[in-house]
Amino acid sequence: DELNSEKTVFDTIYDEATDEWTNVAKVRGLLGAFLFSDEAVEKKVKVLSGGERVRLALAKLLLRPYNLIILDEPTNHLDIHAQELLKNALKEFNGTLIVVSHDRDFLQDLTSKTYEFKDGSIYEHLGSIREFLDKYKLDQFRSLEEKQIKPQAKPAKTEEVKVDYSNVDRRQLKKDINRP
């Protein structure tokens with residue numbers, strides 16, 4: 001939402017740059033690290049794909065002097081190479097990261113705490129994602145989610161009743177059945 005669709009990729013970053021980043025070569029280097037080549041830096045933001053917009057927004061974010069970054073599923077719309085670039089950039093970040101993600105590989109070596117939201121409570125787990133999953137003897141988050149889904153109780157046995165529908169208006173019956 002903070003990207004001006006009329007600006008170019010280069011101008012988006014250059015206009016945001018402060019102090020050490022006002023050097024054109026440094027801005028181009030940052031854009032290159034986020035997979036924007038010579039031609040791509042001249043594209044207008046409005047023609048970028050979803051993944052390109054995410055990469056540009058993340059590059060812009062890294063220019064700001066924040067000590068806290070909150071990311072919600074940051075690997076969505078990113079290819080594997082872009083995910084690695086983002087992960088490496090976040091490893092260099094000297095602040096606090098709060099990352100919501102189901103991507104175990106992305107989180108490995110990036111986080112040191114995991115918070116689990118379960119049954120209306122929050123549980124803190126110290127250590128890597130691998131240690132968290134090992135604790136539950138799981139390979140992936142999806143398995144944890146499936147494990148938490150409780151099977152529905154079997155309905156009590158009911159008495160079988162035979163009904164004669166031979167004299168029933170079938171159109172009305174369908175309406176009655178489909179009525180919420």
# chains A, B, ... in the order shown; residues from 1 in each chain; ligands from 1
call {"tool": "select_by_dssp", "arguments": {"residues": "stretch 36-135 of chain A", "states": "helix (DSSP H, G or I)", "output": "number ranges by chain"}}
result
A: 40-42, 45-47, 50-63, 80-92, 104-107, 129-135
call {"tool": "residues_around", "arguments": {"residues": "A:Thr111", "least_positions_apart": "3", "cutoff": "9 Å", "atoms": "only C-alpha atoms", "output": "list in words"}}
result
Leu97, Ile98, Val99, Leu107, Gln108, Thr114, Gly127, Ser128 and Ile129 of chain A
call {"tool": "write_last_selection", "arguments": {"atoms": "all heavy atoms", "output": "PDB file, in the first residue's frame"}}
result
ATOM      1  N   LEU A  97      12.620  -9.435  15.045  1.00  0.00           N
ATOM      2  CA  LEU A  97      11.729  -9.894  13.983  1.00  0.00           C
ATOM      3  C   LEU A  97      10.563 -10.656  14.608  1.00  0.00           C
ATOM      4  O   LEU A  97      10.777 -11.510  15.467  1.00  0.00           O
ATOM      5  CB  LEU A  97      12.445 -10.855  13.039  1.00  0.00           C
ATOM      6  CG  LEU A  97      13.557 -10.329  12.179  1.00  0.00           C
ATOM      7  CD1 LEU A  97      14.248 -11.482  11.452  1.00  0.00           C
ATOM      8  CD2 LEU A  97      13.017  -9.338  11.174  1.00  0.00           C
ATOM      9  N   ILE A  98       9.376 -10.353  14.167  1.00  0.00           N
ATOM     10  CA  ILE A  98       8.206 -11.166  14.488  1.00  0.00           C
ATOM     11  C   ILE A  98       7.716 -11.683  13.140  1.00  0.00           C
ATOM     12  O   ILE A  98       7.314 -10.905  12.279  1.00  0.00           O
ATOM     13  CB  ILE A  98       7.110 -10.355  15.208  1.00  0.00           C
ATOM     14  CG1 ILE A  98       7.650  -9.819  16.536  1.00  0.00           C
ATOM     15  CG2 ILE A  98       5.868 -11.217  15.414  1.00  0.00           C
ATOM     16  CD1 ILE A  98       6.690  -8.899  17.269  1.00  0.00           C
ATOM     17  N   VAL A  99       7.809 -12.998  12.964  1.00  0.00           N
ATOM     18  CA  VAL A  99       7.492 -13.595  11.672  1.00  0.00           C
ATOM     19  C   VAL A  99       6.381 -14.624  11.857  1.00  0.00           C
ATOM     20  O   VAL A  99       6.517 -15.553  12.645  1.00  0.00           O
ATOM     21  CB  VAL A  99       8.732 -14.288  11.057  1.00  0.00           C
ATOM     22  CG1 VAL A  99       8.412 -14.840   9.678  1.00  0.00           C
ATOM     23  CG2 VAL A  99       9.917 -13.339  11.003  1.00  0.00           C
ATOM     24  N   LEU A 107      12.041 -20.302   8.247  1.00  0.00           N
ATOM     25  CA  LEU A 107      12.210 -19.943   9.655  1.00  0.00           C
ATOM     26  C   LEU A 107      13.469 -20.552  10.285  1.00  0.00           C
ATOM     27  O   LEU A 107      14.027 -19.989  11.216  1.00  0.00           O
ATOM     28  CB  LEU A 107      10.982 -20.375  10.453  1.00  0.00           C
ATOM     29  CG  LEU A 107       9.686 -19.640  10.106  1.00  0.00           C
ATOM     30  CD1 LEU A 107       8.509 -20.283  10.833  1.00  0.00           C
ATOM     31  CD2 LEU A 107       9.786 -18.164  10.428  1.00  0.00           C
ATOM     32  N   GLN A 108      13.910 -21.712   9.775  1.00  0.00           N
ATOM     33  CA  GLN A 108      15.084 -22.376  10.337  1.00  0.00           C
ATOM     34  C   GLN A 108      16.296 -21.453  10.243  1.00  0.00           C
ATOM     35  O   GLN A 108      16.544 -20.867   9.201  1.00  0.00           O
ATOM     36  CB  GLN A 108      15.351 -23.702   9.615  1.00  0.00           C
ATOM     37  CG  GLN A 108      16.453 -24.532  10.226  1.00  0.00           C
ATOM     38  CD  GLN A 108      16.159 -24.951  11.666  1.00  0.00           C
ATOM     39  OE1 GLN A 108      15.040 -25.292  12.019  1.00  0.00           O
ATOM     40  NE2 GLN A 108      17.174 -24.895  12.496  1.00  0.00           N
ATOM     41  N   THR A 114       9.640 -19.686  19.365  1.00  0.00           N
ATOM     42  CA  THR A 114       8.409 -19.981  18.649  1.00  0.00           C
ATOM     43  C   THR A 114       7.267 -19.799  19.628  1.00  0.00           C
ATOM     44  O   THR A 114       7.335 -20.275  20.763  1.00  0.00           O
ATOM     45  CB  THR A 114       8.397 -21.433  18.116  1.00  0.00           C
ATOM     46  OG1 THR A 114       9.508 -21.595  17.237  1.00  0.00           O
ATOM     47  CG2 THR A 114       7.110 -21.749  17.376  1.00  0.00           C
ATOM     48  N   GLY A 127      14.333 -21.930  21.277  1.00  0.00           N
ATOM     49  CA  GLY A 127      15.071 -22.794  20.358  1.00  0.00           C
ATOM     50  C   GLY A 127      14.594 -22.623  18.931  1.00  0.00           C
ATOM     51  O   GLY A 127      13.733 -21.804  18.625  1.00  0.00           O
ATOM     52  N   SER A 128      15.165 -23.420  18.048  1.00  0.00           N
ATOM     53  CA  SER A 128      14.874 -23.334  16.616  1.00  0.00           C
ATOM     54  C   SER A 128      13.535 -23.984  16.275  1.00  0.00           C
ATOM     55  O   SER A 128      12.930 -24.685  17.088  1.00  0.00           O
ATOM     56  CB  SER A 128      15.981 -24.034  15.827  1.00  0.00           C
ATOM     57  OG  SER A 128      15.895 -25.437  16.023  1.00  0.00           O
ATOM     58  N   ILE A 129      13.124 -23.766  15.051  1.00  0.00           N
ATOM     59  CA  ILE A 129      11.904 -24.405  14.538  1.00  0.00           C
ATOM     60  C   ILE A 129      12.056 -25.919  14.552  1.00  0.00           C
ATOM     61  O   ILE A 129      11.135 -26.652  14.894  1.00  0.00           O
ATOM     62  CB  ILE A 129      11.608 -23.897  13.110  1.00  0.00           C
ATOM     63  CG1 ILE A 129      11.231 -22.427  13.144  1.00  0.00           C
ATOM     64  CG2 ILE A 129      10.536 -24.722  12.436  1.00  0.00           C
ATOM     65  CD1 ILE A 129      10.035 -22.098  14.004  1.00  0.00           C
TER      66      ILE A 129
END
call {"tool": "residues_around", "arguments": {"residues": "A:Leu58", "least_positions_apart": "3", "cutoff": "10 Å", "atoms": "only C-alpha atoms", "output": "mmCIF file with C-alpha atoms, in the first residue's frame"}}
result
data_model
loop_
_atom_site.group_PDB
_atom_site.id
_atom_site.type_symbol
_atom_site.label_atom_id
_atom_site.label_comp_id
_atom_site.auth_asym_id
_atom_site.auth_seq_id
_atom_site.Cartn_x
_atom_site.Cartn_y
_atom_site.Cartn_z
ATOM 1 C CA PHE A 34 16.338 -8.105 -4.456
ATOM 2 C CA GLU A 52 8.122 -8.023 -7.479
ATOM 3 C CA ARG A 53 6.024 -5.623 -5.392
ATOM 4 C CA VAL A 54 6.725 -7.675 -2.268
ATOM 5 C CA ARG A 55 10.468 -7.642 -2.990
ATOM 6 C CA LEU A 61 11.545 -1.454 4.493
ATOM 7 C CA LEU A 62 15.198 -2.322 5.060
ATOM 8 C CA LEU A 63 16.191 1.299 4.377
ATOM 9 C CA LEU A 71 6.169 -10.058 8.714
ATOM 10 C CA PRO A 74 6.630 -13.061 3.900
ATOM 11 C CA LEU A 86 15.104 -12.170 2.037
ATOM 12 C CA ALA A 89 18.864 -9.866 4.585
ATOM 13 C CA LEU A 90 16.765 -10.553 7.693
#
call {"tool": "closest_residue", "arguments": {"among": "A:Glu116, A:Glu124, A:Asp139, A:Asp19", "to": "A:Asp103", "atoms": "only C-alpha atoms"}}
result
A:Asp139
call {"tool": "closest_residue", "arguments": {"among": "A:Val9, A:Gly50, A:Ser101, A:Asp79", "to": "A:Ser37", "atoms": "only C-alpha atoms"}}
result
A:Val9
call {"tool": "closest_residue", "arguments": {"among": "A:Ile13, A:Ala57, A:Leu3, A:Ile122", "to": "A:Val41", "atoms": "only C-alpha atoms"}}
result
A:Ile13
call {"tool": "closest_residue", "arguments": {"among": "A:Glu42, A:Lys113, A:Ile80, A:Glu16", "to": "A:Leu126", "atoms": "only C-alpha atoms"}}
result
A:Lys113
call {"tool": "atom_distance", "arguments": {"atom1": "atom CA of A:Ala33", "atom2": "atom CA of A:Val100"}}
result
23.2 Å
call {"tool": "atom_distance", "arguments": {"atom1": "atom CA of A:Gly120", "atom2": "atom CA of A:Phe132"}}
result
19.3 Å
call {"tool": "closest_residue", "arguments": {"among": "A:Asn23, A:Leu35, A:Glu6, A:Asp11", "to": "A:His81", "atoms": "only C-alpha atoms"}}
result
A:Leu35
call {"tool": "closest_residue", "arguments": {"among": "A:Leu30, A:Ile69, A:Ala25, A:Thr8", "to": "A:Leu48", "atoms": "only C-alpha atoms"}}
result
A:Thr8
call {"tool": "select_by_dssp", "arguments": {"residues": "stretch 1-163 of chain A", "states": "strand (DSSP E)", "output": "VMD selection string"}}
result
chain A and resid 68 to 72 96 to 100 113 to 118 121 to 126
call {"tool": "write_last_selection", "arguments": {"atoms": "C-alpha atoms", "output": "PDB file, in the first residue's frame"}}
result
ATOM      1  CA  LEU A  68      11.239  -4.131  14.870  1.00  0.00           C
ATOM      2  CA  ILE A  69       9.902  -5.780  11.739  1.00  0.00           C
ATOM      3  CA  ILE A  70       6.650  -7.755  11.698  1.00  0.00           C
ATOM      4  CA  LEU A  71       6.169 -10.058   8.714  1.00  0.00           C
ATOM      5  CA  ASP A  72       3.035 -12.065   7.968  1.00  0.00           C
ATOM      6  CA  THR A  96      13.638  -7.852  16.534  1.00  0.00           C
ATOM      7  CA  LEU A  97      11.729  -9.894  13.983  1.00  0.00           C
ATOM      8  CA  ILE A  98       8.206 -11.166  14.488  1.00  0.00           C
ATOM      9  CA  VAL A  99       7.492 -13.595  11.672  1.00  0.00           C
ATOM     10  CA  VAL A 100       4.232 -15.414  11.072  1.00  0.00           C
ATOM     11  CA  LYS A 113      11.698 -18.524  19.787  1.00  0.00           C
ATOM     12  CA  THR A 114       8.409 -19.981  18.649  1.00  0.00           C
ATOM     13  CA  TYR A 115       5.038 -18.944  20.023  1.00  0.00           C
ATOM     14  CA  GLU A 116       2.268 -21.482  19.790  1.00  0.00           C
ATOM     15  CA  PHE A 117      -1.350 -20.326  19.942  1.00  0.00           C
ATOM     16  CA  LYS A 118      -3.476 -23.192  21.217  1.00  0.00           C
ATOM     17  CA  SER A 121      -3.452 -19.702  25.322  1.00  0.00           C
ATOM     18  CA  ILE A 122       0.016 -18.722  24.101  1.00  0.00           C
ATOM     19  CA  TYR A 123       3.005 -20.976  24.726  1.00  0.00           C
ATOM     20  CA  GLU A 124       6.619 -19.860  24.303  1.00  0.00           C
ATOM     21  CA  HIS A 125       9.161 -22.389  23.026  1.00  0.00           C
ATOM     22  CA  LEU A 126      12.856 -21.463  23.115  1.00  0.00           C
TER      23      LEU A 126
END
call {"tool": "atom_distance", "arguments": {"atom1": "atom CA of A:Gln83", "atom2": "atom CA of A:Ala59"}}
result
12.8 Å
